[in-house]
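Pasted below: entry-v2.csv, CSV, C-alpha atoms.
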chain,number,residue,atom,x,y,z
A,1,MET,CA,46.0,-28.8,-67.3
A,2,ALA,CA,45.7,-29.4,-71.0
A,3,THR,CA,44.4,-32.2,-73.2
A,4,ILE,CA,44.7,-32.9,-76.9
A,5,GLY,CA,41.8,-33.3,-79.3
A,6,SER,CA,38.3,-32.0,-78.7
A,7,GLN,CA,38.5,-31.9,-74.9
A,8,GLN,CA,38.6,-28.7,-73.0
A,9,ILE,CA,42.0,-27.0,-72.2
A,10,ILE,CA,42.0,-25.2,-68.9
A,11,TYR,CA,44.3,-22.3,-68.4
A,12,GLU,CA,44.8,-20.6,-65.0
A,13,PRO,CA,47.0,-17.5,-65.3
A,14,TRP,CA,47.2,-15.1,-62.4
A,15,GLY,CA,43.9,-15.7,-60.7
A,16,THR,CA,41.6,-16.3,-63.6
A,17,ARG,CA,40.4,-19.5,-65.0
A,18,THR,CA,39.7,-19.7,-68.7
A,19,ALA,CA,38.2,-22.8,-70.4
A,20,ARG,CA,38.6,-23.0,-74.2
A,21,ASN,CA,37.7,-25.9,-76.5
A,22,ALA,CA,40.7,-27.3,-78.4
A,23,HIS,CA,38.8,-27.1,-81.7
A,24,PRO,CA,38.0,-23.4,-82.8
A,25,ALA,CA,34.7,-24.4,-84.4
A,26,GLN,CA,33.3,-25.2,-80.9
A,27,THR,CA,32.0,-22.7,-78.4
A,28,LYS,CA,33.9,-19.5,-77.4
A,29,ALA,CA,36.1,-19.1,-74.3
A,30,GLN,CA,34.4,-18.9,-70.9
A,31,VAL,CA,35.9,-16.9,-68.2
A,32,LYS,CA,35.2,-17.5,-64.5
A,33,GLU,CA,35.1,-14.1,-62.8
A,34,GLU,CA,36.5,-13.6,-59.4
A,35,ARG,CA,37.8,-11.0,-56.9
A,36,THR,CA,41.5,-11.1,-56.1
A,37,THR,CA,44.0,-9.3,-53.9
A,38,GLY,CA,46.7,-9.6,-56.6
A,39,LEU,CA,50.1,-10.8,-55.5
A,40,PHE,CA,51.4,-9.6,-52.2
A,41,ALA,CA,54.3,-10.5,-49.9
A,42,VAL,CA,53.5,-12.0,-46.5
A,43,PRO,CA,55.9,-10.4,-43.9
A,44,THR,CA,58.1,-12.6,-41.8
A,45,GLY,CA,58.1,-12.3,-38.0
A,46,VAL,CA,61.1,-12.1,-35.7
A,47,GLY,CA,60.7,-15.7,-34.6
A,48,ASN,CA,57.1,-15.1,-33.9
A,49,PRO,CA,54.1,-16.9,-35.6
A,50,ILE,CA,52.6,-15.2,-38.6
A,51,THR,CA,49.0,-16.0,-39.5
A,52,VAL,CA,47.2,-15.2,-42.8
A,53,SER,CA,43.4,-14.8,-42.1
A,54,VAL,CA,40.7,-14.6,-44.8
A,55,PHE,CA,37.4,-13.3,-43.7
A,56,LEU,CA,34.1,-13.8,-45.6
A,57,SER,CA,31.2,-11.6,-44.4
A,58,ASN,CA,27.6,-12.1,-45.5
A,59,PRO,CA,25.4,-9.1,-44.9
A,60,THR,CA,22.4,-10.5,-46.6
A,61,PRO,CA,19.3,-12.2,-45.0
A,62,GLN,CA,20.0,-15.6,-46.8
A,63,PRO,CA,23.0,-17.9,-46.8
A,64,GLU,CA,25.7,-17.5,-49.5
A,65,SER,CA,28.6,-19.5,-50.7
A,66,ALA,CA,31.9,-18.7,-52.3
A,67,GLU,CA,35.1,-20.4,-53.5
A,68,VAL,CA,38.2,-19.3,-51.7
A,69,ARG,CA,41.6,-20.0,-53.3
A,70,ILE,CA,45.0,-19.1,-51.9
A,71,ARG,CA,48.0,-19.6,-54.1
A,72,ARG,CA,51.7,-18.9,-53.6
A,73,VAL,CA,54.4,-18.1,-56.1
A,74,THR,CA,56.8,-20.9,-56.8
A,75,ALA,CA,59.5,-21.5,-59.4
A,76,GLY,CA,56.9,-23.1,-61.7
A,77,GLY,CA,54.3,-20.4,-61.3
A,78,LEU,CA,51.4,-20.4,-58.9
A,79,THR,CA,50.7,-23.3,-56.6
A,80,THR,CA,47.4,-23.7,-54.7
A,81,VAL,CA,47.9,-24.0,-50.9
A,82,PHE,CA,44.2,-23.7,-49.9
A,83,TYR,CA,41.0,-24.2,-51.8
A,84,ARG,CA,37.5,-24.5,-50.3
A,85,ILE,CA,33.9,-23.7,-51.1
A,86,LEU,CA,32.6,-22.1,-47.9
A,87,SER,CA,29.0,-21.5,-46.9
A,88,VAL,CA,28.4,-18.3,-44.9
A,89,PRO,CA,25.1,-18.2,-43.0
A,90,ALA,CA,23.0,-15.0,-43.2
A,91,GLY,CA,24.5,-12.1,-41.3
A,92,GLU,CA,27.6,-14.1,-40.2
A,93,VAL,CA,31.3,-14.2,-40.9
A,94,ARG,CA,33.6,-17.2,-41.8
A,95,LYS,CA,37.3,-17.1,-41.1
A,96,VAL,CA,40.1,-19.2,-42.5
A,97,ASP,CA,43.6,-19.1,-40.9
A,98,LEU,CA,46.8,-20.3,-42.5
A,99,SER,CA,50.0,-20.2,-40.5
A,100,ASP,CA,52.8,-21.5,-42.9
A,101,LEU,CA,53.0,-18.6,-45.4
A,102,ALA,CA,55.5,-16.2,-43.8
A,103,GLY,CA,57.9,-14.9,-46.3
A,104,GLN,CA,55.9,-16.2,-49.3
A,105,THR,CA,54.3,-14.2,-52.1
A,106,ILE,CA,50.6,-15.1,-52.3
A,107,VAL,CA,47.3,-14.2,-54.0
A,108,VAL,CA,43.9,-14.7,-52.4
A,109,SER,CA,40.9,-15.1,-54.8
A,110,VAL,CA,37.2,-15.3,-54.0
A,111,SER,CA,34.5,-16.2,-56.6
A,112,PRO,CA,31.8,-15.9,-57.8
A,113,ILE,CA,31.7,-12.1,-57.9
A,114,SER,CA,27.8,-12.1,-58.1
A,115,ALA,CA,27.6,-13.3,-54.5
A,116,ALA,CA,27.0,-10.9,-51.7
A,117,ILE,CA,30.1,-12.1,-49.9
A,118,VAL,CA,32.4,-9.4,-48.7
A,119,PRO,CA,36.1,-10.6,-48.5
A,120,SER,CA,39.0,-9.3,-46.5
A,121,VAL,CA,42.5,-10.5,-45.5
A,122,SER,CA,44.7,-9.8,-42.6
A,123,VAL,CA,48.3,-10.9,-41.7
A,124,THR,CA,49.0,-10.9,-38.0
A,125,GLU,CA,52.0,-11.6,-35.8
A,126,TYR,CA,51.6,-13.2,-32.4
A,127,PHE,CA,53.9,-12.4,-29.5
A,128,PRO,CA,53.8,-15.3,-27.1
A,129,ALA,CA,55.7,-13.5,-24.3
A,130,ASP,CA,52.9,-11.0,-23.6
A,131,GLY,CA,50.1,-12.4,-25.7
A,132,GLY,CA,50.1,-9.4,-28.1
A,133,ILE,CA,48.9,-9.5,-31.7
A,134,ILE,CA,50.0,-7.0,-34.3
A,135,VAL,CA,48.3,-6.6,-37.7
A,136,ARG,CA,51.2,-6.5,-40.1
A,137,LEU,CA,49.1,-6.3,-43.3
A,138,ALA,CA,45.5,-5.9,-44.3
A,139,LYS,CA,43.6,-6.2,-47.6
A,140,TYR,CA,40.2,-4.5,-47.3
A,141,PRO,CA,37.1,-5.3,-49.5
A,142,GLY,CA,37.8,-2.3,-51.7
A,143,GLU,CA,41.3,-3.6,-52.4
A,144,PHE,CA,40.1,-6.8,-54.1
A,145,VAL,CA,40.2,-6.4,-57.9
A,146,TYR,CA,37.5,-7.9,-60.1
A,147,VAL,CA,39.0,-10.1,-62.9
Could you render the structure as structure tokens?
Amino acid sequence: MATIGSQQIIYEPWGTRTARNAHPAQTKAQVKEERTTGLFAVPTGVGNPITVSVFLSNPTPQPESAEVRIRRVTAGGLTTVFYRILSVPAGEVRKVDLSDLAGQTIVVSVSPISAAIVPSVSVTEYFPADGGIIVRLAKYPGEFVYV
């Protein structure tokens, strides 16, 4: 999004959000920090359902909240397919499932980084014939990059 004049111009390249004033005499750039998986390809199943699951764990004794954004690569850049601010009660886990991302290249971002939320992502394939589930891909908390 961009506007002309003294309004803010918002840039969102590759998982970061930068706000800059259009006039250089005004305040400096502000960067919203976040944790991101970086781009990764979601595998396709052999006719079986693929699910991308994002887990937010809160190990602290008080509730925490975090923004979760999932974007996919399109011809025009990155397109948001999921955005929510989720509240995670003390000592609990929240899970978000998306089932229409097989074969897509996506990025998962969680912010703010100061929160005690511990994120992770898994991509699973479900086999309806026998009820089996296979983890095809996992992004552990240590694999999220701070930007």
Of the residues A:Val135, A:Pro49, A:Pro59, A:Val81, which is the one nearest to Val108 of chain A, using only C-alpha atoms?
A:Val81
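Across A:Ala129, A:Val42, A:Val121, A:Val54, the tightest approach to Tyr83 of chain A is made by A:Val54 when counting only C-alpha atoms.
Nearest residue to Asp97 of chain A among A:Ala66, A:Ile134, A:Val123, A:Val52 is A:Val52, counting only C-alpha atoms.
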Interatomic distance (Å, one decimal) between atom CA of Glu64 of chain A and atom CA of Val88 of chain A
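Answer for the atom CA of Glu64 of chain A to atom CA of Val88 of chain A separation: 5.4 Å.
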Go ahead and compute the interatomic distance for atom CA of Gln104 of chain A and atom CA of Ser57 of chain A, in Å to one decimal.
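One can read the atom CA of Gln104 of chain A to atom CA of Ser57 of chain A distance as 25.6 Å.
Straight-line separation from atom CA of Pro141 of chain A to atom CA of Gly45 of chain A: 24.9 Å.
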Do you know which residues lie at most 12 Å from (28.1, -15.0, -38.3), with coordinates as in the file and all atoms listed in the file counted, and could you write them as JSON, numbers by chain?
{"A": [55, 56, 57, 58, 59, 60, 61, 62, 63, 64, 87, 88, 89, 90, 91, 92, 93, 94, 95]}
Determine, counting all atoms listed in the file, which protein, DNA and RNA residues have an atom within 8 Å of an atom of Phe144 of chain A; residues of the same chain fewer than 6 positions away are not included. Present the result as a CSV table (one decimal) with C-alpha atoms, in the coordinates of the input.
chain,number,residue,atom,x,y,z
A,35,ARG,CA,37.8,-11.0,-56.9
A,36,THR,CA,41.5,-11.1,-56.1
A,37,THR,CA,44.0,-9.3,-53.9
A,38,GLY,CA,46.7,-9.6,-56.6
A,119,PRO,CA,36.1,-10.6,-48.5
Residue nearest Ser111 of chain A - candidates A:Ile50, A:Val145, A:Leu78, A:Ala41, atoms counted: all atoms listed in the file:
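Ranking A:Ile50, A:Val145, A:Leu78, A:Ala41 by distance to Ser111 of chain A, first place goes to A:Val145.
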For Val68 of chain A: contacts at 6 Å, only C-alpha atoms, fewer than 6 positions along chain excluded, given as a PyMOL selection string
chain A and resi 83-84+109-110
For Gly142 of chain A, which of A:Leu39, A:Leu98, A:Leu86, A:Val118 is the closest residue, counting only C-alpha atoms?
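Selected residue with least distance to Gly142 of chain A: A:Val118.
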For Val147 of chain A, which residue among A:Ile106, A:Ile70, A:Thr44, A:Glu33 is the nearest when counting only C-alpha atoms?
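Nearest candidate to Val147 of chain A out of A:Ile106, A:Ile70, A:Thr44, A:Glu33: A:Glu33.
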